[in-house]
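Shown next: input.tsv, given as TSV, C-alpha atoms.
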chain	number	residue	atom	x	y	z
H	1	MET	CA	5.50	-10.52	-6.41
H	2	THR	CA	5.19	-8.33	-3.40
H	3	ALA	CA	8.91	-8.25	-3.03
H	4	GLY	CA	9.27	-7.10	-6.61
H	5	ARG	CA	6.89	-4.27	-6.02
H	6	ARG	CA	8.73	-3.20	-2.93
H	7	SER	CA	12.06	-2.84	-4.58
H	8	GLY	CA	10.39	-1.30	-7.59
H	9	ARG	CA	8.94	1.34	-5.40
H	10	ASP	CA	12.29	2.14	-3.91
H	11	GLY	CA	13.79	2.86	-7.26
H	12	SER	CA	11.00	4.59	-9.08
H	13	GLY	CA	9.37	5.83	-5.93
H	14	PRO	CA	6.49	8.21	-6.54
H	15	ALA	CA	6.27	8.94	-2.87
H	16	GLY	CA	7.57	12.41	-2.31
H	17	PRO	CA	10.68	14.07	-1.00
H	18	PRO	CA	13.60	12.49	0.78
H	19	PRO	CA	12.94	10.56	3.94
H	20	ALA	CA	15.25	10.67	6.90
H	21	ARG	CA	14.09	14.10	7.86
H	22	GLY	CA	13.30	13.08	11.35
H	23	ALA	CA	13.37	16.64	12.58
H	24	GLY	CA	9.65	17.05	12.28
H	25	PRO	CA	7.94	20.34	11.54
H	26	SER	CA	10.99	22.35	12.51
H	27	GLY	CA	13.24	20.42	10.16
H	28	PRO	CA	14.16	21.32	6.60
H	29	PRO	CA	11.17	21.87	4.30
H	30	PRO	CA	10.07	19.05	2.00
H	31	GLY	CA	12.17	18.62	-1.07
H	32	HIS	CA	15.15	20.26	0.49
H	33	ASP	CA	17.94	17.82	1.00
H	34	GLY	CA	20.75	20.03	2.08
H	35	ALA	CA	21.24	18.02	5.23
H	36	ARG	CA	23.10	15.27	3.41
H	37	PRO	CA	26.65	15.41	2.08
H	38	ALA	CA	26.85	16.66	-1.49
H	39	ALA	CA	28.71	13.64	-2.81
H	40	PHE	CA	26.18	11.20	-1.43
H	41	ARG	CA	23.33	13.30	-2.70
H	42	ARG	CA	24.71	13.37	-6.21
H	43	GLY	CA	25.57	9.71	-6.32
H	44	GLY	CA	22.28	8.71	-4.72
H	45	ARG	CA	20.35	10.82	-7.18
H	46	TRP	CA	22.00	9.22	-10.20
H	47	ARG	CA	21.59	5.76	-8.75
H	48	ASP	CA	17.91	6.40	-8.08
H	49	GLN	CA	17.39	7.69	-11.61
H	50	ALA	CA	19.13	4.69	-13.13
H	51	LEU	CA	17.02	2.33	-11.02
H	52	ALA	CA	13.85	4.14	-12.03
H	53	LEU	CA	14.86	3.93	-15.68
H	54	GLY	CA	15.52	0.22	-15.28
H	55	TRP	CA	12.04	-0.39	-13.87
H	56	LEU	CA	10.42	1.72	-16.57
H	57	VAL	CA	12.22	-0.24	-19.28
H	58	LEU	CA	11.16	-3.50	-17.64
H	59	THR	CA	7.54	-2.30	-17.55
H	60	TRP	CA	7.76	-1.34	-21.21
H	61	LEU	CA	9.15	-4.74	-22.16
H	62	LEU	CA	6.42	-6.52	-20.19
H	63	LEU	CA	3.78	-4.39	-21.90
H	64	TRP	CA	5.06	-5.33	-25.33
H	65	GLY	CA	5.39	-8.91	-24.29
H	66	ASP	CA	8.72	-9.77	-25.88
H	67	VAL	CA	12.33	-8.70	-25.64
H	68	THR	CA	13.77	-7.31	-28.86
H	69	TRP	CA	16.39	-4.65	-29.49
H	70	GLY	CA	13.68	-2.37	-30.82
H	71	ASN	CA	11.59	-2.72	-27.68
H	72	LEU	CA	14.63	-2.23	-25.48
H	73	LEU	CA	15.56	0.95	-27.32
H	74	GLY	CA	11.97	2.18	-27.30
H	75	GLY	CA	11.74	1.51	-23.57
H	76	LEU	CA	14.92	3.44	-22.92
H	77	VAL	CA	13.68	6.43	-24.94
H	78	VAL	CA	10.22	6.45	-23.35
H	79	GLY	CA	11.64	5.88	-19.86
H	80	ALA	CA	14.15	8.69	-20.24
H	81	ALA	CA	11.42	10.99	-21.57
H	82	VAL	CA	9.17	10.17	-18.59
H	83	LEU	CA	11.99	10.83	-16.15
H	84	ILE	CA	12.93	14.10	-17.82
H	85	PHE	CA	9.48	15.55	-18.44
H	86	PHE	CA	7.76	14.27	-15.30
H	87	PRO	CA	10.43	14.57	-12.63
H	88	LEU	CA	9.47	13.32	-9.19
H	89	PRO	CA	10.89	14.50	-5.92
H	90	PRO	CA	13.72	12.16	-4.99
H	91	VAL	CA	13.01	9.25	-2.70
H	92	THR	CA	16.24	8.08	-1.24
H	93	PHE	CA	16.37	4.57	-0.06
H	94	GLY	CA	18.68	4.50	2.92
H	95	GLY	CA	17.93	0.99	4.08
H	96	ARG	CA	18.86	-2.38	2.78
H	97	LEU	CA	16.87	-5.35	1.57
H	98	ARG	CA	16.76	-8.32	3.89
H	99	PRO	CA	15.54	-11.39	2.00
H	100	ARG	CA	14.22	-13.31	4.98
H	101	ALA	CA	12.28	-10.36	6.40
H	102	LEU	CA	10.98	-9.61	2.90
H	103	LEU	CA	9.71	-13.16	2.66
H	104	VAL	CA	8.01	-12.84	6.06
H	105	LEU	CA	6.44	-9.59	4.87
H	106	ALA	CA	5.22	-11.09	1.61
H	107	VAL	CA	3.80	-14.24	3.18
H	108	THR	CA	2.02	-12.38	6.00
H	109	PHE	CA	0.73	-9.88	3.48
H	110	ALA	CA	-0.72	-12.62	1.29
H	111	GLY	CA	-2.30	-14.33	4.28
H	112	GLU	CA	-3.78	-11.13	5.63
H	113	LEU	CA	-5.08	-10.13	2.21
H	114	VAL	CA	-6.97	-13.40	1.99
H	115	SER	CA	-8.36	-13.23	5.54
H	116	ALA	CA	-9.29	-9.57	5.10
H	117	SER	CA	-11.10	-10.26	1.86
H	118	VAL	CA	-13.02	-13.18	3.30
H	119	ARG	CA	-13.96	-11.17	6.38
H	120	VAL	CA	-15.17	-8.14	4.46
H	121	ALA	CA	-17.01	-10.37	2.00
H	122	ALA	CA	-18.69	-12.19	4.89
H	123	ILE	CA	-19.80	-8.91	6.45
H	124	ALA	CA	-21.07	-7.77	3.08
H	125	VAL	CA	-23.34	-10.76	2.50
H	126	ARG	CA	-24.55	-11.22	6.10
H	127	PRO	CA	-28.22	-10.28	6.00
H	128	GLY	CA	-29.43	-7.38	8.07
H	129	TYR	CA	-26.09	-6.52	9.61
H	130	ARG	CA	-24.92	-2.93	9.91
H	131	PRO	CA	-21.26	-2.77	10.86
H	132	ARG	CA	-20.04	0.08	13.05
H	133	GLY	CA	-16.78	1.83	12.31
H	134	ALA	CA	-14.21	4.03	13.96
H	135	ILE	CA	-11.36	6.29	12.93
H	136	ILE	CA	-8.17	5.86	14.89
H	137	ALA	CA	-4.91	7.78	14.82
H	138	VAL	CA	-1.76	5.69	14.76
H	139	PRO	CA	1.58	7.47	15.15
H	140	LEU	CA	4.31	5.52	13.40
H	141	ARG	CA	7.72	5.01	14.90
H	142	VAL	CA	9.71	5.48	11.71
H	143	ARG	CA	8.66	8.72	10.08
H	144	THR	CA	10.24	8.52	6.65
H	145	ASP	CA	8.05	9.16	3.64
H	146	LEU	CA	8.80	5.75	2.19
H	147	ASN	CA	7.76	3.99	5.37
H	148	LEU	CA	4.64	6.12	5.68
H	149	ALA	CA	3.58	5.44	2.10
H	150	LEU	CA	4.28	1.70	2.15
H	151	THR	CA	2.65	1.16	5.54
H	152	ALA	CA	-0.42	3.08	4.42
H	153	GLU	CA	-0.56	1.05	1.26
H	154	VAL	CA	-0.22	-2.31	2.99
H	155	ILE	CA	-2.69	-1.67	5.79
H	156	SER	CA	-5.34	-0.61	3.30
H	157	LEU	CA	-5.24	-4.17	2.03
H	158	VAL	CA	-5.09	-6.07	5.33
H	159	PRO	CA	-7.90	-6.81	7.76
H	160	GLY	CA	-10.19	-4.16	9.07
H	161	THR	CA	-8.30	-1.00	8.29
H	162	LEU	CA	-8.35	1.64	5.57
H	163	ILE	CA	-6.36	4.83	5.45
H	164	VAL	CA	-8.42	7.99	5.52
H	165	GLU	CA	-5.83	10.64	6.14
H	166	VAL	CA	-2.06	10.88	6.42
H	167	ASP	CA	-0.33	13.50	8.50
H	168	ARG	CA	3.08	13.57	6.93
H	169	ASP	CA	4.70	16.14	9.19
H	170	GLN	CA	3.77	14.28	12.34
H	171	GLY	CA	4.06	10.80	10.85
H	172	VAL	CA	0.53	9.85	11.89
H	173	LEU	CA	-1.81	7.60	9.94
H	174	TYR	CA	-5.55	7.93	10.39
H	175	ALA	CA	-7.23	4.64	9.68
H	176	HIS	CA	-10.87	3.71	9.41
H	177	VAL	CA	-11.68	0.43	11.13
H	178	LEU	CA	-14.56	-1.65	9.86
H	179	ASP	CA	-16.82	-3.68	12.13
H	180	VAL	CA	-15.90	-2.35	15.57
H	181	ARG	CA	-17.60	-4.11	18.44
H	182	GLY	CA	-15.71	-2.64	21.35
H	183	PRO	CA	-12.51	-0.93	22.52
H	184	ARG	CA	-10.63	-4.18	22.17
H	185	ASP	CA	-11.07	-4.10	18.41
H	186	LEU	CA	-9.51	-0.64	18.31
H	187	THR	CA	-6.47	-1.73	20.30
H	188	ALA	CA	-6.11	-4.77	18.10
H	189	SER	CA	-6.20	-2.65	14.94
H	190	ARG	CA	-3.61	-0.27	16.35
H	191	ASP	CA	-1.33	-3.17	17.18
H	192	ARG	CA	-1.85	-4.65	13.75
H	193	ILE	CA	-0.84	-1.42	12.02
H	194	LEU	CA	2.29	-1.17	14.15
H	195	ALA	CA	3.05	-4.81	13.35
H	196	VAL	CA	2.82	-4.04	9.63
H	197	GLU	CA	5.22	-1.17	10.13
H	198	ARG	CA	7.60	-3.40	12.03
H	199	ARG	CA	7.63	-6.05	9.32
H	200	LEU	CA	8.15	-3.42	6.64
H	201	VAL	CA	11.03	-1.73	8.39
H	202	ARG	CA	12.65	-5.07	9.18
H	203	ALA	CA	12.43	-5.93	5.50
H	204	ILE	CA	13.72	-2.73	3.91
H	205	GLY	CA	14.72	-0.28	6.64
H	206	SER	CA	18.16	0.91	7.62
H	207	PRO	CA	19.70	-0.39	10.86
H	208	ALA	CA	18.93	2.90	12.59
H	209	GLU	CA	15.29	2.57	11.65
H	210	VAL	CA	15.18	-0.99	12.93
H	211	ARG	CA	16.54	0.29	16.26
H	212	GLN	CA	13.83	2.93	16.28
H	213	LEU	CA	11.25	0.16	16.28
H	214	ARG	CA	12.08	-0.66	19.87
H	215	THR	CA	10.94	2.73	21.07
H	216	GLU	CA	7.37	3.24	22.07
H	217	PRO	CA	5.28	5.13	19.54
H	218	VAL	CA	4.84	8.67	20.80
H	219	ASP	CA	1.61	10.48	20.30
H	220	ARG	CA	2.78	13.53	18.42
H	221	ARG	CA	-0.57	14.98	17.61
H	222	LYS	CA	-0.92	18.54	18.73
H	223	ASN	CA	-4.12	18.07	20.71
H	224	PRO	CA	-4.52	14.39	21.47
N	225	MET	CA	0.01	-31.27	-15.95
N	226	GLY	CA	-2.04	-29.26	-18.40
N	227	VAL	CA	-5.28	-30.70	-17.05
N	228	LEU	CA	-4.27	-29.93	-13.48
N	229	ALA	CA	-3.43	-26.34	-14.40
N	230	ASP	CA	-6.76	-26.02	-16.19
N	231	TRP	CA	-8.66	-27.21	-13.13
N	232	LEU	CA	-6.66	-24.97	-10.81
N	233	GLY	CA	-7.33	-22.10	-13.18
N	234	ALA	CA	-11.04	-22.85	-13.15
N	235	ALA	CA	-11.04	-22.91	-9.35
N	236	CYS	CA	-9.21	-19.56	-9.26
N	237	LEU	CA	-11.65	-18.04	-11.73
N	238	THR	CA	-14.66	-19.19	-9.72
N	239	ALA	CA	-13.24	-18.01	-6.40
N	240	GLY	CA	-12.25	-14.66	-7.92
N	241	ALA	CA	-15.69	-14.19	-9.42
N	242	LEU	CA	-17.37	-14.97	-6.10
N	243	LEU	CA	-15.15	-12.54	-4.22
N	244	SER	CA	-15.82	-9.84	-6.79
N	245	LEU	CA	-19.53	-10.50	-6.41
N	246	ALA	CA	-19.24	-10.19	-2.63
N	247	ALA	CA	-17.33	-6.94	-3.11
N	248	GLY	CA	-20.10	-5.64	-5.33
N	249	ILE	CA	-22.75	-6.60	-2.79
N	250	GLY	CA	-20.71	-4.88	-0.10
N	251	VAL	CA	-20.44	-1.68	-2.11
N	252	LEU	CA	-24.20	-1.73	-2.56
N	253	ARG	CA	-25.15	-2.69	0.97
N	254	PHE	CA	-22.74	-0.95	3.30
N	255	PRO	CA	-24.25	2.15	4.88
N	256	ASP	CA	-21.35	4.54	4.48
N	257	VAL	CA	-18.68	5.67	2.02
N	258	LEU	CA	-15.86	4.51	4.26
N	259	ASP	CA	-17.39	1.09	4.76
N	260	ARG	CA	-17.93	0.82	1.04
N	261	MET	CA	-14.29	1.56	0.42
N	262	HIS	CA	-13.41	-1.47	2.54
N	263	ALA	CA	-15.52	-3.60	0.23
N	264	ALA	CA	-14.03	-1.94	-2.82
N	265	THR	CA	-10.44	-2.59	-1.77
N	266	LYS	CA	-9.94	-5.95	-0.09
N	267	PRO	CA	-12.28	-8.51	-1.66
N	268	GLN	CA	-12.09	-6.66	-4.97
N	269	VAL	CA	-8.29	-6.78	-5.13
N	270	LEU	CA	-8.11	-10.42	-4.15
N	271	GLY	CA	-10.89	-11.19	-6.60
N	272	VAL	CA	-8.99	-9.57	-9.44
N	273	LEU	CA	-5.78	-11.32	-8.39
N	274	LEU	CA	-7.52	-14.70	-8.39
N	275	LEU	CA	-9.13	-14.02	-11.75
N	276	LEU	CA	-5.74	-13.08	-13.18
N	277	ALA	CA	-4.16	-16.17	-11.63
N	278	GLY	CA	-6.88	-18.25	-13.25
N	279	VAL	CA	-6.26	-16.63	-16.63
N	280	ALA	CA	-2.51	-17.14	-16.21
N	281	LEU	CA	-2.98	-20.83	-15.43
N	282	ARG	CA	-5.14	-21.17	-18.50
N	283	LEU	CA	-2.95	-19.23	-20.95
N	284	ARG	CA	0.55	-20.27	-19.82
N	285	THR	CA	2.48	-18.20	-22.36
N	286	PRO	CA	5.36	-16.03	-21.16
N	287	SER	CA	4.30	-12.81	-22.83
N	288	ASP	CA	0.80	-13.03	-21.34
N	289	LEU	CA	2.25	-13.82	-17.94
N	290	GLY	CA	4.35	-10.65	-18.08
N	291	MET	CA	1.31	-8.56	-18.87
N	292	LEU	CA	-0.72	-10.20	-16.08
N	293	ALA	CA	2.11	-9.59	-13.62
N	294	LEU	CA	2.00	-5.92	-14.55
N	295	VAL	CA	-1.74	-5.78	-13.93
N	296	VAL	CA	-1.22	-7.38	-10.50
N	297	VAL	CA	1.49	-4.89	-9.56
N	298	PHE	CA	-0.56	-1.90	-10.62
N	299	GLN	CA	-3.69	-3.20	-8.90
N	300	LEU	CA	-1.84	-3.61	-5.64
N	301	ALA	CA	-0.17	-0.24	-5.94
N	302	THR	CA	-3.11	1.89	-7.07
N	303	VAL	CA	-6.23	0.51	-5.42
N	304	PRO	CA	-5.32	1.57	-1.86
N	305	VAL	CA	-4.39	5.02	-3.13
N	306	ALA	CA	-7.68	5.41	-4.95
N	307	ALA	CA	-9.63	4.22	-1.92
N	308	GLN	CA	-7.75	6.62	0.31
N	309	MET	CA	-8.47	9.54	-2.00
N	310	VAL	CA	-12.19	8.71	-2.08
N	311	GLY	CA	-12.34	8.22	1.69
N	312	ARG	CA	-10.46	11.41	2.34
N	313	ALA	CA	-12.63	13.44	0.01
N	314	ALA	CA	-15.75	11.98	1.65
N	315	TYR	CA	-14.46	12.76	5.11
N	316	ARG	CA	-13.39	16.30	4.29
N	317	SER	CA	-16.67	17.17	2.62
N	318	GLY	CA	-18.59	15.80	5.60
N	319	ARG	CA	-20.20	12.93	3.79
N	320	VAL	CA	-19.42	10.51	6.56
N	321	ASP	CA	-22.21	9.31	8.80
N	322	ARG	CA	-20.84	10.07	12.24
N	323	ALA	CA	-23.57	8.08	13.92
N	324	LEU	CA	-21.84	4.98	12.58
N	325	LEU	CA	-18.47	5.86	14.07
N	326	ASP	CA	-17.58	4.68	17.56
N	327	THR	CA	-14.52	6.89	17.85
N	328	ASP	CA	-13.21	9.58	15.58
N	329	GLU	CA	-9.70	10.63	16.39
N	330	LEU	CA	-9.55	12.70	13.22
N	331	ALA	CA	-12.36	14.98	14.36
N	332	GLY	CA	-11.37	18.60	14.62
N	333	ARG	CA	-8.10	18.13	12.79
For the file at hand, write its structure as structure tokens.
Amino acid sequence: MTAGRRSGRDGSGPAGPPPARGAGPSGPPPGHDGARPAAFRRGGRWRDQALALGWLVLTWLLLWGDVTWGNLLGGLVVGAAVLIFFPLPPVTFGGRLRPRALLVLAVTFAGELVSASVRVAAIAVRPGYRPRGAIIAVPLRVRTDLNLALTAEVISLVPGTLIVEVDRDQGVLYAHVLDVRGPRDLTASRDRILAVERRLVRAIGSPAEVRQLRTEPVDRRKNP
Amino acid sequence: MGVLADWLGAACLTAGALLSLAAGIGVLRFPDVLDRMHAATKPQVLGVLLLLAGVALRLRTPSDLGMLALVVVFQLATVPVAAQMVGRAAYRSGRVDRALLDTDELAGR
């Protein structure tokens, strides 16, 4: 289920301009993909569009509930219309899918979703308890848009953290932590967010991005 | 087989309903918008997922399963985004109780 969503996102990704900028604020402006070879850009664009169309058709078929030629044709028409009239900035997927890492990601995600839900529910029904919170900044190691979006999405559903703000240029996530009792909780949340990023990149990142994981996260905020 | 699925479905429905109830209590009781968003994302999403799993175990027809799978996917994909938008709007318009925050590394940004 989770795996399906992942790959779906890669194809029909709503998440903004091409990743692999890596040059930070001084790099090419968003949406400008002149850095890549023309042939790759063209091929990648068509492949992305075809993938997106495929997912849209699948969604259409699931909505109708049965597979007939009419539904297939209708899905193709509607999908093409959506892609033509509501174009999204391209999200190129430079990585590759690794089944075992994807499985690890999905299983940990399911486990953490359950434990997070139980924890928040327990805090909610505990009488007379007022949890304290904190907002922490977590610079990610892989600064592609896809990684930023997926990490933000996953950590909003796992224990203790919720995204408040995303600094796309610097690749920094600002997360709200629920029920903070001391500095140790903050460190733990930071580590957990970086662990989510690591699992994600191992599952769908390119080899270069996986190598990047070994580097220490740098605090790139302007005035830390 | 059918009986087992029915019982499992009933268990899922009950658990999902309880989690949704806890989420509702959390939204009511938590002191702050950001805390409330925690309640509105995690237990709520799992509650809906369990309810849908319960319905799926009860219905067991392929076309319904496809529709339920779609609901699951869109829940997982949209709820965090919605929560982030609410939290961000609350933070930017200053409707966050700073007395409840231990640290705020977003301050002044």
Identify all chain H residues at most 9 Å from chain N by counting only C-alpha atoms; ligands do not count. Present them as a PyMOL selection string.
-> chain H and resi 1-2+4-5+59+61-66+113-114+116-125+130-137+152-165+174+176-182+223-224
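For the atom pair formed by atom CA of Gly54 of chain H and atom CA of Leu148 of chain H, the distance is 24.3 Å, given to one decimal.
Interatomic distance, atom CA of Ala239 of chain N against atom CA of Leu281 of chain N: 14.0 Å.
Atom to atom, atom CA of Ala195 of chain H and atom CA of Gly171 of chain H stand 15.8 Å apart.
Closest approach to Val78 of chain H from the set H:Val210, H:Asn147, H:Leu102, H:Val57 is made by H:Val57, with distances taken over all atoms listed in the file.
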Working from the structure I just supplied, which lacks atoms in segment 296-325 of chain N, can you model N, CA and C atoms there and output them as a compact mmCIF listing (two decimals), keeping the file's coordinate frame?
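What follows is the written file part_6.txt:
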# COMPACT_ATOMS: atom_id res chain seq x y z
N VAL N 296 -1.23 -7.10 -11.94
CA VAL N 296 -1.22 -7.38 -10.50
C VAL N 296 -0.50 -6.26 -9.76
N VAL N 297 0.70 -5.92 -10.24
CA VAL N 297 1.49 -4.89 -9.56
C VAL N 297 0.72 -3.58 -9.49
N PHE N 298 0.12 -3.20 -10.62
CA PHE N 298 -0.56 -1.90 -10.62
C PHE N 298 -1.84 -1.94 -9.80
N GLN N 299 -2.53 -3.07 -9.79
CA GLN N 299 -3.69 -3.20 -8.90
C GLN N 299 -3.29 -2.96 -7.45
N LEU N 300 -2.26 -3.71 -7.04
CA LEU N 300 -1.84 -3.61 -5.64
C LEU N 300 -1.36 -2.21 -5.30
N ALA N 301 -0.74 -1.55 -6.25
CA ALA N 301 -0.17 -0.24 -5.94
C ALA N 301 -1.21 0.87 -6.01
N THR N 302 -2.22 0.75 -6.86
CA THR N 302 -3.11 1.89 -7.07
C THR N 302 -4.41 1.81 -6.29
N VAL N 303 -4.92 0.60 -6.06
CA VAL N 303 -6.23 0.51 -5.42
C VAL N 303 -6.27 1.16 -4.03
N PRO N 304 -5.28 0.89 -3.16
CA PRO N 304 -5.32 1.57 -1.86
C PRO N 304 -5.27 3.09 -1.99
N VAL N 305 -4.49 3.57 -2.95
CA VAL N 305 -4.39 5.02 -3.13
C VAL N 305 -5.73 5.59 -3.54
N ALA N 306 -6.38 4.93 -4.49
CA ALA N 306 -7.68 5.41 -4.95
C ALA N 306 -8.69 5.40 -3.81
N ALA N 307 -8.69 4.31 -3.03
CA ALA N 307 -9.63 4.22 -1.92
C ALA N 307 -9.35 5.32 -0.89
N GLN N 308 -8.08 5.57 -0.65
CA GLN N 308 -7.75 6.62 0.31
C GLN N 308 -8.23 7.98 -0.18
N MET N 309 -8.04 8.25 -1.47
CA MET N 309 -8.47 9.54 -2.00
C MET N 309 -9.99 9.70 -1.87
N VAL N 310 -10.73 8.63 -2.19
CA VAL N 310 -12.19 8.71 -2.08
C VAL N 310 -12.60 8.92 -0.62
N GLY N 311 -12.00 8.11 0.28
CA GLY N 311 -12.34 8.22 1.69
C GLY N 311 -12.02 9.59 2.24
N ARG N 312 -10.87 10.11 1.85
CA ARG N 312 -10.46 11.41 2.34
C ARG N 312 -11.38 12.52 1.84
N ALA N 313 -11.73 12.43 0.56
CA ALA N 313 -12.63 13.44 0.01
C ALA N 313 -13.98 13.37 0.72
N ALA N 314 -14.46 12.13 0.96
CA ALA N 314 -15.75 11.98 1.65
C ALA N 314 -15.67 12.57 3.05
N TYR N 315 -14.57 12.28 3.74
CA TYR N 315 -14.46 12.76 5.11
C TYR N 315 -14.39 14.28 5.14
N ARG N 316 -13.58 14.85 4.25
CA ARG N 316 -13.39 16.30 4.29
C ARG N 316 -14.64 17.05 3.89
N SER N 317 -15.46 16.46 3.01
CA SER N 317 -16.67 17.17 2.62
C SER N 317 -17.84 16.78 3.51
N GLY N 318 -17.55 16.08 4.62
CA GLY N 318 -18.59 15.80 5.60
C GLY N 318 -19.61 14.77 5.18
N ARG N 319 -19.24 13.94 4.21
CA ARG N 319 -20.20 12.93 3.79
C ARG N 319 -19.97 11.61 4.50
N VAL N 320 -19.62 11.71 5.77
CA VAL N 320 -19.42 10.51 6.56
C VAL N 320 -20.47 10.51 7.65
N ASP N 321 -21.16 9.39 7.80
CA ASP N 321 -22.21 9.31 8.80
C ASP N 321 -21.57 9.10 10.17
N ARG N 322 -21.53 10.18 10.96
CA ARG N 322 -20.84 10.07 12.24
C ARG N 322 -21.56 9.17 13.23
N ALA N 323 -22.83 8.96 13.01
CA ALA N 323 -23.57 8.08 13.92
C ALA N 323 -23.04 6.65 13.84
N LEU N 324 -22.36 6.34 12.74
CA LEU N 324 -21.84 4.98 12.58
C LEU N 324 -20.44 4.83 13.15
N LEU N 325 -19.85 5.93 13.59
CA LEU N 325 -18.47 5.86 14.07
C LEU N 325 -18.45 5.75 15.59
